[in-house]
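Engineer: Here you go, this is start_15.cif (mmCIF, C-alpha atoms).
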```cif
data_run
loop_
_atom_site.label_atom_id
_atom_site.label_comp_id
_atom_site.auth_asym_id
_atom_site.auth_seq_id
_atom_site.Cartn_x
_atom_site.Cartn_y
_atom_site.Cartn_z
CA MET O 1 0.00 0.00 0.00
CA GLU O 2 1.18 3.48 -0.84
CA LEU O 3 2.40 5.54 2.15
CA PHE O 4 -0.13 8.38 1.95
CA ASP O 5 -3.03 5.92 1.57
CA VAL O 6 -1.82 4.01 4.65
CA ILE O 7 -1.55 7.21 6.68
CA ALA O 8 -5.10 8.17 5.68
CA ALA O 9 -6.45 4.67 6.41
CA ARG O 10 -4.89 4.29 9.89
CA HIS O 11 -7.43 4.70 12.66
CA SER O 12 -7.62 3.58 16.28
CA TYR O 13 -9.80 0.48 16.48
CA ARG O 14 -11.55 -0.42 19.73
CA GLY O 15 -13.91 -3.16 18.50
CA SER O 16 -13.75 -6.97 18.54
CA TYR O 17 -11.34 -9.03 16.45
CA LEU O 18 -11.96 -12.07 14.26
CA PRO O 19 -10.44 -15.28 15.74
CA GLU O 20 -8.04 -15.65 12.76
CA GLN O 21 -4.40 -16.19 13.69
CA VAL O 22 -1.86 -13.60 12.52
CA PRO O 23 1.04 -15.28 10.65
CA ARG O 24 4.36 -14.75 12.44
CA ALA O 25 5.81 -13.49 9.15
CA ASP O 26 3.37 -10.58 9.38
CA LEU O 27 4.19 -9.93 13.06
CA GLN O 28 7.87 -9.94 12.10
CA ARG O 29 7.31 -7.38 9.31
CA ILE O 30 5.36 -5.18 11.72
CA MET O 31 8.13 -5.36 14.35
CA GLU O 32 10.83 -4.73 11.73
CA ALA O 33 8.93 -1.61 10.70
CA GLY O 34 8.90 -0.48 14.34
CA LEU O 35 12.60 -1.08 14.85
CA ALA O 36 13.40 0.85 11.66
CA ALA O 37 12.15 4.07 13.29
CA PRO O 38 14.78 6.62 14.28
CA SER O 39 15.93 6.95 17.90
CA GLY O 40 17.65 9.87 19.65
CA CYS O 41 21.43 9.50 19.12
CA ASN O 42 20.65 6.00 17.75
CA LYS O 43 20.31 4.66 21.31
CA GLN O 44 17.62 2.14 20.18
CA THR O 45 15.85 2.28 23.55
CA THR O 46 12.76 0.38 22.32
CA SER O 47 12.27 -3.41 22.36
CA LEU O 48 9.31 -5.52 21.25
CA ILE O 49 7.62 -8.76 22.26
CA ALA O 50 5.02 -10.36 20.00
CA VAL O 51 2.57 -12.59 21.88
CA ASP O 52 0.33 -15.04 20.04
CA ASP O 53 0.10 -17.84 22.59
CA PRO O 54 -3.61 -18.11 23.56
CA ASP O 55 -2.90 -18.80 27.25
CA LEU O 56 -0.55 -15.84 27.57
CA LEU O 57 -3.01 -13.62 25.71
CA THR O 58 -5.79 -14.63 28.14
CA GLN O 59 -3.54 -13.74 31.07
CA ILE O 60 -2.62 -10.38 29.50
CA TYR O 61 -6.27 -9.51 28.86
CA GLY O 62 -6.99 -10.55 32.44
CA ILE O 63 -4.50 -7.97 33.68
CA MET O 64 -5.60 -5.22 31.28
CA ASP O 65 -8.75 -3.36 32.14
CA SER O 66 -9.24 -2.42 28.52
CA PHE O 67 -11.51 -2.56 25.49
CA CYS O 68 -9.03 -4.98 23.90
CA LYS O 69 -10.02 -8.49 25.00
CA ASP O 70 -9.83 -10.75 21.94
CA ALA O 71 -7.11 -9.80 19.44
CA PRO O 72 -5.32 -12.99 18.26
CA ALA O 73 -1.92 -11.33 18.82
CA VAL O 74 -0.44 -8.35 20.63
CA ILE O 75 2.90 -6.59 20.39
CA CYS O 76 4.18 -5.36 23.74
CA VAL O 77 6.51 -2.35 23.65
CA THR O 78 9.24 -1.88 26.26
CA THR O 79 11.63 1.00 26.83
CA LYS O 80 14.95 1.23 28.58
CA ARG O 81 16.18 4.50 30.13
CA ILE O 82 19.43 5.30 28.31
CA VAL O 83 20.97 8.79 28.44
CA ALA O 84 21.42 10.01 24.85
CA TYR O 85 23.83 12.76 25.91
CA LYS O 86 24.52 15.34 28.62
CA ASP O 87 23.75 18.83 27.35
CA GLY O 88 26.10 21.77 27.86
CA TRP O 89 24.43 22.54 31.20
CA GLY O 90 24.92 19.09 32.69
CA ASN O 91 21.37 17.83 32.08
CA ASP O 92 20.80 14.20 31.05
CA ARG O 93 18.86 14.11 27.80
CA CYS O 94 16.81 10.95 27.25
CA TYR O 95 14.59 10.33 24.24
CA GLY O 96 12.93 7.05 25.23
CA VAL O 97 9.36 8.37 24.84
CA GLN O 98 10.11 9.87 21.44
CA ASP O 99 11.86 6.64 20.36
CA TYR O 100 9.04 4.29 21.30
CA SER O 101 6.38 6.64 19.91
CA ALA O 102 8.05 6.72 16.49
CA ALA O 103 8.37 2.91 16.60
CA ILE O 104 4.69 2.53 17.55
CA GLU O 105 3.58 4.86 14.74
CA ASN O 106 5.60 2.82 12.21
CA MET O 107 3.98 -0.36 13.54
CA LEU O 108 0.46 1.10 13.36
CA LEU O 109 1.12 1.99 9.72
CA ALA O 110 2.53 -1.48 8.99
CA ILE O 111 -0.47 -3.10 10.72
CA THR O 112 -2.82 -1.01 8.54
CA ALA O 113 -0.90 -1.79 5.34
CA LEU O 114 -1.17 -5.53 6.03
CA GLY O 115 -4.95 -5.32 6.50
CA TYR O 116 -5.09 -5.55 10.29
CA ALA O 117 -6.49 -3.17 12.91
CA SER O 118 -4.93 -1.92 16.14
CA CYS O 119 -4.99 0.78 18.78
CA TRP O 120 -2.17 2.48 20.73
CA ILE O 121 -2.97 1.28 24.27
CA GLU O 122 -0.65 3.13 26.64
CA GLY O 123 -2.82 4.98 29.17
CA HIS O 124 -4.44 1.82 30.48
CA VAL O 125 -1.02 0.17 30.69
CA THR O 126 0.93 2.92 32.45
CA ASP O 127 -1.71 4.31 34.82
CA ALA O 128 -0.96 4.18 38.53
CA ASP O 129 -2.24 0.60 38.90
CA GLU O 130 0.80 -0.44 36.84
CA GLN O 131 -0.76 -3.06 34.58
CA GLY O 132 2.40 -2.76 32.46
CA LYS O 133 4.52 -4.00 35.39
CA GLN O 134 2.27 -7.05 35.81
CA ILE O 135 2.41 -7.87 32.09
CA ALA O 136 6.20 -7.35 32.16
CA ALA O 137 6.51 -9.85 35.02
CA LEU O 138 4.42 -12.37 33.07
CA LEU O 139 6.66 -11.95 29.99
CA HIS O 140 9.94 -11.93 32.00
CA VAL O 141 10.90 -8.45 30.79
CA PRO O 142 14.31 -7.48 32.24
CA GLU O 143 14.19 -5.25 35.37
CA ASP O 144 15.73 -2.26 33.56
CA GLU O 145 12.98 -2.13 30.92
CA SER O 146 9.44 -0.75 31.34
CA LEU O 147 6.51 -2.17 29.42
CA ILE O 148 4.57 0.88 28.31
CA CYS O 149 2.27 -0.10 25.46
CA VAL O 150 0.25 -3.02 24.14
CA LEU O 151 -0.68 -3.03 20.46
CA PRO O 152 -3.38 -5.54 19.50
CA VAL O 153 -3.05 -7.02 16.01
CA GLY O 154 -5.87 -8.77 14.17
CA LYS O 155 -8.61 -8.55 11.56
CA PRO O 156 -11.39 -6.24 12.75
CA ALA O 157 -14.85 -7.77 13.28
CA ASP O 158 -16.65 -4.44 13.61
CA GLU O 159 -16.85 -1.15 11.76
CA MET O 160 -14.05 1.38 12.29
CA LYS O 161 -15.32 4.45 14.18
CA LEU O 162 -13.57 7.61 13.05
CA VAL O 163 -12.73 10.52 15.35
CA ARG O 164 -13.25 14.07 14.23
CA LYS O 165 -10.08 16.14 13.79
CA LYS O 166 -9.62 19.89 13.73
CA PRO O 167 -9.26 21.37 10.23
CA PHE O 168 -5.74 21.80 8.81
CA GLU O 169 -5.87 25.60 9.17
CA MET O 170 -6.36 25.34 12.93
CA ARG O 171 -3.17 23.30 13.40
CA ALA O 172 -0.81 24.29 10.60
CA LYS O 173 0.36 27.38 8.76
CA PHE O 174 2.96 28.71 6.33
CA VAL O 175 5.24 31.68 7.08
CA MET A 1 6.02 4.90 -2.72
CA GLU A 2 5.01 1.73 -0.92
CA LEU A 3 4.97 1.98 2.90
CA PHE A 4 7.59 -0.66 3.69
CA ASP A 5 9.97 0.79 1.06
CA VAL A 6 9.56 4.25 2.59
CA ILE A 7 10.24 2.93 6.11
CA ALA A 8 13.41 1.22 4.84
CA ALA A 9 14.55 4.31 2.90
CA ARG A 10 14.07 6.82 5.76
CA HIS A 11 17.37 7.89 7.30
CA SER A 12 18.52 10.89 9.28
CA TYR A 13 20.33 13.28 6.94
CA ARG A 14 22.87 15.75 8.30
CA GLY A 15 24.46 16.98 5.05
CA SER A 16 23.92 20.06 2.87
CA TYR A 17 20.82 20.71 0.81
CA LEU A 18 20.41 21.77 -2.82
CA PRO A 19 19.08 25.34 -3.14
CA GLU A 20 15.87 24.14 -4.86
CA GLN A 21 12.64 25.49 -3.40
CA VAL A 22 10.15 22.99 -1.97
CA PRO A 23 6.67 23.54 -3.50
CA ARG A 24 4.12 24.51 -0.86
CA ALA A 25 1.88 21.69 -2.10
CA ASP A 26 4.59 19.25 -0.94
CA LEU A 27 4.97 20.99 2.43
CA GLN A 28 1.19 20.81 2.81
CA ARG A 29 1.14 17.05 2.08
CA ILE A 30 3.93 16.52 4.61
CA MET A 31 2.09 18.51 7.29
CA GLU A 32 -1.20 16.74 6.52
CA ALA A 33 0.61 13.42 7.03
CA GLY A 34 1.86 14.68 10.40
CA LEU A 35 -1.56 15.86 11.54
CA ALA A 36 -3.09 12.49 10.56
CA ALA A 37 -1.07 10.76 13.30
CA PRO A 38 -3.00 9.58 16.35
CA SER A 39 -2.97 11.58 19.60
CA GLY A 40 -3.77 10.48 23.15
CA CYS A 41 -7.55 10.83 23.68
CA ASN A 42 -7.60 12.73 20.35
CA LYS A 43 -6.33 15.89 22.10
CA GLN A 44 -4.37 16.96 18.95
CA THR A 45 -1.67 18.66 21.02
CA THR A 46 0.70 19.13 18.04
CA SER A 47 0.78 22.13 15.68
CA LEU A 48 3.04 22.84 12.71
CA ILE A 49 4.60 25.87 11.03
CA ALA A 50 6.23 25.54 7.61
CA VAL A 51 8.87 28.18 6.96
CA ASP A 52 10.21 28.82 3.44
CA ASP A 53 10.90 32.54 3.62
CA PRO A 54 14.68 32.96 3.07
CA ASP A 55 15.06 35.77 5.63
CA LEU A 56 13.22 33.84 8.34
CA LEU A 57 15.23 30.71 7.52
CA THR A 58 18.48 32.66 7.89
CA GLN A 59 17.34 33.92 11.29
CA ILE A 60 16.33 30.41 12.38
CA TYR A 61 19.69 28.98 11.31
CA GLY A 62 21.35 31.84 13.15
CA ILE A 63 19.62 30.77 16.38
CA MET A 64 20.23 27.06 15.87
CA ASP A 65 23.66 25.75 16.67
CA SER A 66 23.13 22.80 14.38
CA PHE A 67 24.35 20.89 11.35
CA CYS A 68 21.28 22.13 9.47
CA LYS A 69 22.17 25.47 7.91
CA ASP A 70 20.85 25.50 4.35
CA ALA A 71 17.62 23.53 3.87
CA PRO A 72 15.23 25.56 1.64
CA ALA A 73 12.35 24.90 4.06
CA VAL A 74 11.80 23.74 7.62
CA ILE A 75 8.74 22.53 9.48
CA CYS A 76 8.66 23.67 13.11
CA VAL A 77 6.73 21.46 15.53
CA THR A 78 4.98 22.91 18.57
CA THR A 79 3.18 21.19 21.43
CA LYS A 80 0.56 22.39 23.88
CA ARG A 81 0.21 20.82 27.34
CA ILE A 82 -3.33 19.44 27.44
CA VAL A 83 -4.37 16.89 30.06
CA ALA A 84 -5.77 13.84 28.25
CA TYR A 85 -7.45 12.51 31.41
CA LYS A 86 -7.03 12.13 35.16
CA ASP A 87 -6.33 8.51 36.05
CA GLY A 88 -8.12 6.71 38.90
CA TRP A 89 -5.43 7.91 41.35
CA GLY A 90 -5.82 11.61 40.52
CA ASN A 91 -2.76 11.87 38.28
CA ASP A 92 -2.89 14.10 35.18
CA ARG A 93 -2.02 12.04 32.14
CA CYS A 94 -0.57 14.03 29.21
CA TYR A 95 0.55 12.51 25.92
CA GLY A 96 2.10 15.53 24.21
CA VAL A 97 5.50 13.90 23.63
CA GLN A 98 3.91 10.76 22.21
CA ASP A 99 1.60 12.86 20.03
CA TYR A 100 4.33 15.02 18.47
CA SER A 101 6.65 12.04 18.03
CA ALA A 102 4.05 10.11 16.03
CA ALA A 103 3.39 13.26 13.96
CA ILE A 104 7.13 13.75 13.33
CA GLU A 105 7.58 10.12 12.27
CA ASN A 106 4.68 10.45 9.79
CA MET A 107 6.30 13.61 8.40
CA LEU A 108 9.72 11.97 8.07
CA LEU A 109 8.10 9.17 6.07
CA ALA A 110 6.18 11.66 3.89
CA ILE A 111 9.38 13.67 3.31
CA THR A 112 11.16 10.46 2.23
CA ALA A 113 8.30 9.38 -0.05
CA LEU A 114 8.38 12.76 -1.84
CA GLY A 115 12.14 12.49 -2.50
CA TYR A 116 13.37 14.89 0.16
CA ALA A 117 15.73 14.41 3.09
CA SER A 118 15.38 15.48 6.72
CA CYS A 119 16.49 14.88 10.28
CA TRP A 120 14.58 14.99 13.59
CA ILE A 121 16.29 17.95 15.28
CA GLU A 122 15.00 18.13 18.85
CA GLY A 123 17.99 17.93 21.19
CA HIS A 124 19.61 21.06 19.80
CA VAL A 125 16.27 22.86 20.00
CA THR A 126 15.23 21.90 23.54
CA ASP A 127 18.58 21.93 25.34
CA ALA A 128 18.98 24.31 28.26
CA ASP A 129 19.96 27.26 26.03
CA GLU A 130 16.33 27.20 24.79
CA GLN A 131 16.85 27.77 21.09
CA GLY A 132 13.25 26.60 20.65
CA LYS A 133 12.00 29.54 22.73
CA GLN A 134 13.95 31.98 20.55
CA ILE A 135 12.60 30.44 17.33
CA ALA A 136 9.08 30.46 18.84
CA ALA A 137 9.40 34.19 19.58
CA LEU A 138 10.54 34.83 15.99
CA LEU A 139 7.52 32.91 14.62
CA HIS A 140 5.02 34.42 17.12
CA VAL A 141 4.11 31.02 18.56
CA PRO A 142 1.39 31.45 21.26
CA GLU A 143 2.70 31.52 24.86
CA ASP A 144 1.01 28.21 25.76
CA GLU A 145 2.83 26.26 23.04
CA SER A 146 6.44 25.04 23.10
CA LEU A 147 8.49 24.74 19.93
CA ILE A 148 10.31 21.43 20.34
CA CYS A 149 11.53 20.30 16.94
CA VAL A 150 12.75 21.64 13.61
CA LEU A 151 12.52 19.36 10.58
CA PRO A 152 14.54 20.52 7.56
CA VAL A 153 13.02 19.68 4.16
CA GLY A 154 14.96 19.70 0.90
CA LYS A 155 16.79 17.70 -1.73
CA PRO A 156 20.03 16.28 -0.33
CA ALA A 157 23.30 17.47 -1.88
CA ASP A 158 25.46 14.81 -0.19
CA GLU A 159 25.42 11.05 0.31
CA MET A 160 23.18 9.63 3.05
CA LYS A 161 25.27 8.17 5.88
CA LEU A 162 23.59 5.17 7.46
CA VAL A 163 23.79 4.29 11.16
CA ARG A 164 24.30 0.74 12.25
CA LYS A 165 21.39 -0.85 14.11
CA LYS A 166 21.30 -3.83 16.44
CA PRO A 167 20.07 -7.06 14.82
CA PHE A 168 16.35 -7.89 15.07
CA GLU A 169 16.97 -10.71 17.57
CA MET A 170 18.53 -8.32 20.07
CA ARG A 171 15.44 -6.10 20.16
CA ALA A 172 12.47 -8.32 19.37
CA LYS A 173 11.11 -11.74 20.19
CA PHE A 174 8.05 -13.98 19.94
CA VAL A 175 6.44 -15.66 22.95
#
```
Would you write out, as structure tokens, the structure that this file holds?
Structural biologist:
Amino acid sequence: MELFDVIAARHSYRGSYLPEQVPRADLQRIMEAGLAAPSGCNKQTTSLIAVDDPDLLTQIYGIMDSFCKDAPAVICVTTKRIVAYKDGWGNDRCYGVQDYSAAIENMLLAITALGYASCWIEGHVTDADEQGKQIAALLHVPEDESLICVLPVGKPADEMKLVRKKPFEMRAKFV
Amino acid sequence: MELFDVIAARHSYRGSYLPEQVPRADLQRIMEAGLAAPSGCNKQTTSLIAVDDPDLLTQIYGIMDSFCKDAPAVICVTTKRIVAYKDGWGNDRCYGVQDYSAAIENMLLAITALGYASCWIEGHVTDADEQGKQIAALLHVPEDESLICVLPVGKPADEMKLVRKKPFEMRAKFV
């Protein structure tokens, strides 16, 4: 699919998924797309775990208090705090959030291009009840990494609901 | 260009640019791609300013202590702190960094697809000397928005230098 068509077609999907398995080759392409995103000073702070084991998925959905309960696969995103550089005033500069966000956006586009649906689930994972920590323990994520996002992957069973966005002129200009 | 080809072709470019103007239609497509990115709770915290006026560009490059000195256009990215929601423990959850990072990644892909080069310049802009604040003042950015990134846009004059990335197996797995 052509880039601009993919960007226009990508939407957050919060419906049910069809019980069709996602081939690992597709999950691999999606993760490769994520890892191809840039990272501050090339620190590559983001790592990925694709889960398609039904028992593990049931446990993950049991932990998550979320609209996503039946996707046949999820990709869990973890981040490691690595200082990119110290600026001239002695401050540690870290770009972990930027790094994983660019990786997630690439994956959402790849998911769309391959005919699947998804949704960036971060709030529910990183709220103060720390669902991400529980999922990380289940998946044996190393202590120095935080699990901050779960991306469902699967064929949508329901209609995509579109959100309304502000017009271009309210958010962009030329000078 | 096909999505996966664009993702593979995108690289950070730190060389010189050819003095060819970038049509505003292309800058508009790039900004539209950025604004099509998702945002936490659809708060649309990111705004964009495309600059192609030679005098303004000279002033911006004068403020920036950066490798980017001659791109014929730049897109400045601003973010507004908007609370997406209060979690169940009373904490304000804001997704501004995630929102602008997804928008920037979309724009980098659009820039690549249209045959231009760019680089995500954030560190130099948001370091403690606050170059971003100076550029924001020059561009009359509203007080409640922070200018956090400058994306050059133009045809590259030099070779693209590629960074080495860790192998897939070091950053991703299946369970």
Engineer: Under the PyMOL selection byres ((chain O) within 6 of (chain A)), which residues of this model are included? Write them out as an mmCIF file with C-alpha atoms, in the frame of the given file.
Structural biologist:
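Below is the file result.cif, written as the result:
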```
data_model
loop_
_atom_site.group_PDB
_atom_site.id
_atom_site.type_symbol
_atom_site.label_atom_id
_atom_site.label_comp_id
_atom_site.auth_asym_id
_atom_site.auth_seq_id
_atom_site.Cartn_x
_atom_site.Cartn_y
_atom_site.Cartn_z
ATOM 1 C CA MET O 1 0.000 0.000 0.000
ATOM 2 C CA GLU O 2 1.180 3.480 -0.840
ATOM 3 C CA LEU O 3 2.400 5.540 2.150
ATOM 4 C CA SER O 47 12.270 -3.410 22.360
ATOM 5 C CA LEU O 48 9.310 -5.520 21.250
ATOM 6 C CA ILE O 49 7.620 -8.760 22.260
ATOM 7 C CA ALA O 50 5.020 -10.360 20.000
ATOM 8 C CA VAL O 51 2.570 -12.590 21.880
ATOM 9 C CA GLN O 98 10.110 9.870 21.440
ATOM 10 C CA SER O 101 6.380 6.640 19.910
ATOM 11 C CA ALA O 102 8.050 6.720 16.490
ATOM 12 C CA GLU O 105 3.580 4.860 14.740
ATOM 13 C CA ARG O 171 -3.170 23.300 13.400
ATOM 14 C CA ALA O 172 -0.810 24.290 10.600
ATOM 15 C CA LYS O 173 0.360 27.380 8.760
ATOM 16 C CA PHE O 174 2.960 28.710 6.330
ATOM 17 C CA VAL O 175 5.240 31.680 7.080
#
```
Engineer: Quote the spacing between CA of Glu145 in chain A and CA of Ser118 in chain A in Å to one decimal place.
Structural biologist: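 Going from CA of Glu145 in chain A over to CA of Ser118 in chain A covers 23.2 Å.
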Engineer: Do you know which residues are at most 9 Å from Asp70 in chain A counting all atoms listed in the file, after dropping those on the same chain fewer than 3 positions away, and could you put them as a list in words?
Structural biologist: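 The residues that qualify are Ser16, Tyr17, Leu18, Pro19, Leu57, Thr58, Tyr61, Ala73, Pro152 and Gly154 of chain A.
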Engineer: Grab the CA of Met160 in chain A to CA of Asp65 in chain A distance for me, in Å with one decimal place.
Structural biologist: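 CA of Asp65 in chain A lies at a distance of 21.1 Å from CA of Met160 in chain A.
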Engineer: So what do you get for CA of Thr112 in chain A versus CA of Leu151 in chain A, distance-wise?
Structural biologist: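 These two atoms are separated by 12.3 Å.
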